[in-house]
Amino acid sequence: MTRANWIRIERRPTLSPWVVLGVSVAAIAAALIAAGIFFKAYGVSPWRAYHLIITGALGSKVGIAETARRTIPLLLIGVGLTVAFRALFWNIGAEGQLLVGAIAATGVALFVPMPEFLRLPVMFVAGFVGGAMWGLVPAVLKVKFGINDVISTLMLNYVAGFIVQWLILGPWKGPTARGFAYTDKFPASAMIPRIPGTTVHWPTLILGVLAAVIAYVWVARTRQGFEIRVVGENPHAAQYAGISQTKVVLAVMLVSGGLAGLAGVGEVAGVQRMLLDPAKLSLGYGYTAIIVAWLARRNPLAVIVTSALFGVIMAGGDVIKVSLGLPFQLVNVFNGLILFFLIGSEMFMRYRVSFAWRKR
Amino acid sequence: MRGIVKRFPGVIANDEVDLVVRQGEIHCLLGENGAGKTTLMRILYGLYQPDEGEILLNGEAIRVASPKAALAHRIGMVHQHFHLVPTLSVEENVVLGLSEGTGPFLRLRRTREKLNRLAGEYGLQVDSQAKIWQLSVGQQQRVEILKALYREADILIMDEPTSVLTPQEVDALFGTLRTLVDDGLTIVFITHKLNEVMEVSDRVTVLRKGKVVATVETATSSKAELARLMVGREVVFRIEKATAERGEKILEVKDLHANNDRGLPALRGVTFDLYEGEILGVAGVSGNGQHELSEVLTGLRKATRGTAYLETNDLAKCSAREIADFGVAHVPTERIRAGTVPNMTIRENLILKSYRARPFCRWVFLDQNAATENACHAMREYEISAPHDGTAAKNLSGGNIQRLVLARELSGSPRFIVAAHPTYGLDVGATEQVRQVLLDQRAQGAGVLVISEDLDEILQLSDRILVLFGGEVMGIMQTAEAELEEIGLMMAGSHRREVAV
């Protein structure tokens, strides 16, 4: 009779995990199809491109190592972001928090005299504290002055990037770098051990998995986790129940920033072993991890899976860049499409949509 | 309207509803909240499309695709929550959406003349150049009615029009409605208040759970019959209220001042006492400081001046958490927005305030078993009906949400209870239960502050009644000596009683 009758949109009373999984997989599939159009436009068969991505990222030891290397920062940052997002703090600033963590670790690695067996542990602590401090700035701005968290976290990314630039061109420019814009190479005691023959700094990977488990327990089982969920689900009820929003926001940003800082330590001390240009240091992990956390539906444990998935996409992106001569930006387009479809798919988790053509 | 069916996810809001309204009558649609009254009228006004059924106007089938189409058929509606632009003037609001004047220019002179004529005819006086925000709620309602009349509506739908009015304003409104009907208009009047039905309507159609139960002539019916039709069983109008001994003074509020959300004074020197084993009812038209009073007493709003001593603690200077720890229970106005976390489980909602200490928390971890045990106990005692304690609060009905809030707030025998609109939007069964629970607390010696816009509720529950107007106490009186008319005048701010009880 009317338009309203042939599409029926109904609220789902409960949300089963299978629906979440199904909708998420469908969103990724839709993104793959949409990205296929771009491959086609470059004259490359989408099938061939996807085949190359998979085999390139997972088909060989080198590929798996490259995937793992990219998974590590995504995992650490992604776990932190799920916690922040749970409290409805939109931390878009993990990129900057990663860089500040890297700066702190570099400072300890190159300029602080100390017993060598302590250097690496202290670097991790310094990186965590650095990232956490950088994360606390927008948190304090929000709770004290009501400044929008999206904007302040995002803008601080640029500030952190410029600080790194300044350091590597100025005071921290390495005497042995022969005029290039990076610091000296780290001493052996400041290098995170790798799996031989790869750049997989495994201690950081273990740290990431531990972080995921601890964050899960924190949010789901503890008193403060309860507060985080109440603040995130209904700030009015939190106020009514006397839960301090300030404490919750500061706590989640301490952890979220700190974990991003640890990712920064991993990149400088595990992969590059020096501080260098921000774009080379991070490859946009802070932004990609937003998609990782969102795909995990804000569940820290699920980040273990989703970060690996994006590790594959990033490593596979390198492969198609080399073997098909496609721009790496295509990977960013692809990531963007996944986020687009994921956010678009939220509605299908809350509502059931069915089509009914009425016969009349 | 014939055979109207409207389905929403999980419910049938209207199930084969037939409604016949005769020209020139005031026809009441009576039913509890959720009975489908508003849905039915929204279909008539074109806001919803029916899944089945048809609408006939003067014998002809019509299709009402939108409110615009409804107006073309001369059907107008005054919503429960007004649709006015606060910063525009009365006449600007009236012509909103119409094309008056020539080209891009507004010509409001003729509008003004027509408005003044309508206002004069029907007793709807309002300054046509005043801005909406300057008007009282009653005046705003007049603007809504004028809007419909200006569009030459023959059928006027009024959705719970009296819920925001003082008794005197209600009388004026009923007068206006009768004049309109005398001039040949037809009025459909949605309400769940029996008194209004008896007073104003010619005929009444009773809806229950989306179905028409009966259509009767008001004159040949009775309040008891209508109540039975509406609820589906016999209703006792008086609940037993035992006389309770008034005990020690528990709360002493002195010269309390506070601002509203816009930073304007909302409480101006409120002073009263509350005793153990007493229910003090706070009456007043919405927006006269009741909300702010409940927030200051529960730590959600800062007082700008004054004190509120609960024994030795000044509530005006304490945080929400401290006040909860003193044994103060708060049944909030917006029970879904503030009182629960919709996406969390019943179990978790029940420990919203007690999660920090034993038995629910051991060291830093929550004890799920203790929470489950607590939930099972509360669900039994307060008759919260849900599949299990892991059900999300958002899937509960309004009555069950209020039972959940009460179960949480009244656990641990509070000394002082602030209950804001405790039965607003609840069905008759849940209302009775909630009121009984509050009376039980009073019998156990708690001091209870009941804030309500429902005067019947205030009269039924309270030992004493306090009337707020413009943030000031207009008077406090014993319920036994209270007269409805006097309370009405105090609610309207035109009468003040010496505060000495």
# chains A, B, ... in the order shown; residues from 1 in each chain; ligands from 1
call {"tool": "residues_around", "arguments": {"residues": "Asp154 of chain B", "least_positions_apart": "3", "cutoff": "10 Å", "atoms": "only C-alpha atoms", "output": "ChimeraX atom specification"}}
result
/B:23-24,71,73-76,148-149,151,157,180-181,183-187
call {"tool": "interface_residues", "arguments": {"of": "chain B", "to": "chain A", "cutoff": "9 Å", "atoms": "only C-alpha atoms", "output": "JSON, numbers by chain"}}
result
{"B": [8, 9, 10, 49, 51, 65, 298, 299, 300, 319, 320, 321, 322, 323, 324, 330, 332, 336, 337, 338, 339, 340, 341, 342, 343, 344, 348, 352, 353, 355, 356, 361, 362, 363, 364, 365, 366, 367, 368, 391, 392, 394, 395]}
call {"tool": "select_by_dssp", "arguments": {"residues": "segment 275-388 of chain B", "states": "helix (DSSP H, G or I)", "output": "ChimeraX atom specification"}}
result
/B:290-297,315-317,320-325,346-350,368-381
call {"tool": "atom_distance", "arguments": {"atom1": "atom CA of Tyr45 of chain B", "atom2": "atom CA of Val143 of chain B"}}
result
18.5 Å
call {"tool": "closest_residue", "arguments": {"among": "B:Thr271, B:Ile346, B:Arg262, B:Val253", "to": "Thr307 of chain B", "atoms": "only C-alpha atoms"}}
result
B:Val253
call {"tool": "residues_around", "arguments": {"residues": "segment 282-296 of chain B", "least_positions_apart": "5", "cutoff": "8 Å", "atoms": "only C-alpha atoms", "output": "number ranges by chain"}}
result
B: 164-166, 258-260, 266-267, 301-303, 315-316, 333, 418, 420, 449-455, 458, 465-472, 491-492
call {"tool": "residues_around", "arguments": {"residues": "Leu251 of chain B", "least_positions_apart": "3", "cutoff": "10 Å", "atoms": "only C-alpha atoms", "output": "ChimeraX atom specification"}}
result
/B:248,254,272-276,308-315,415-416,447
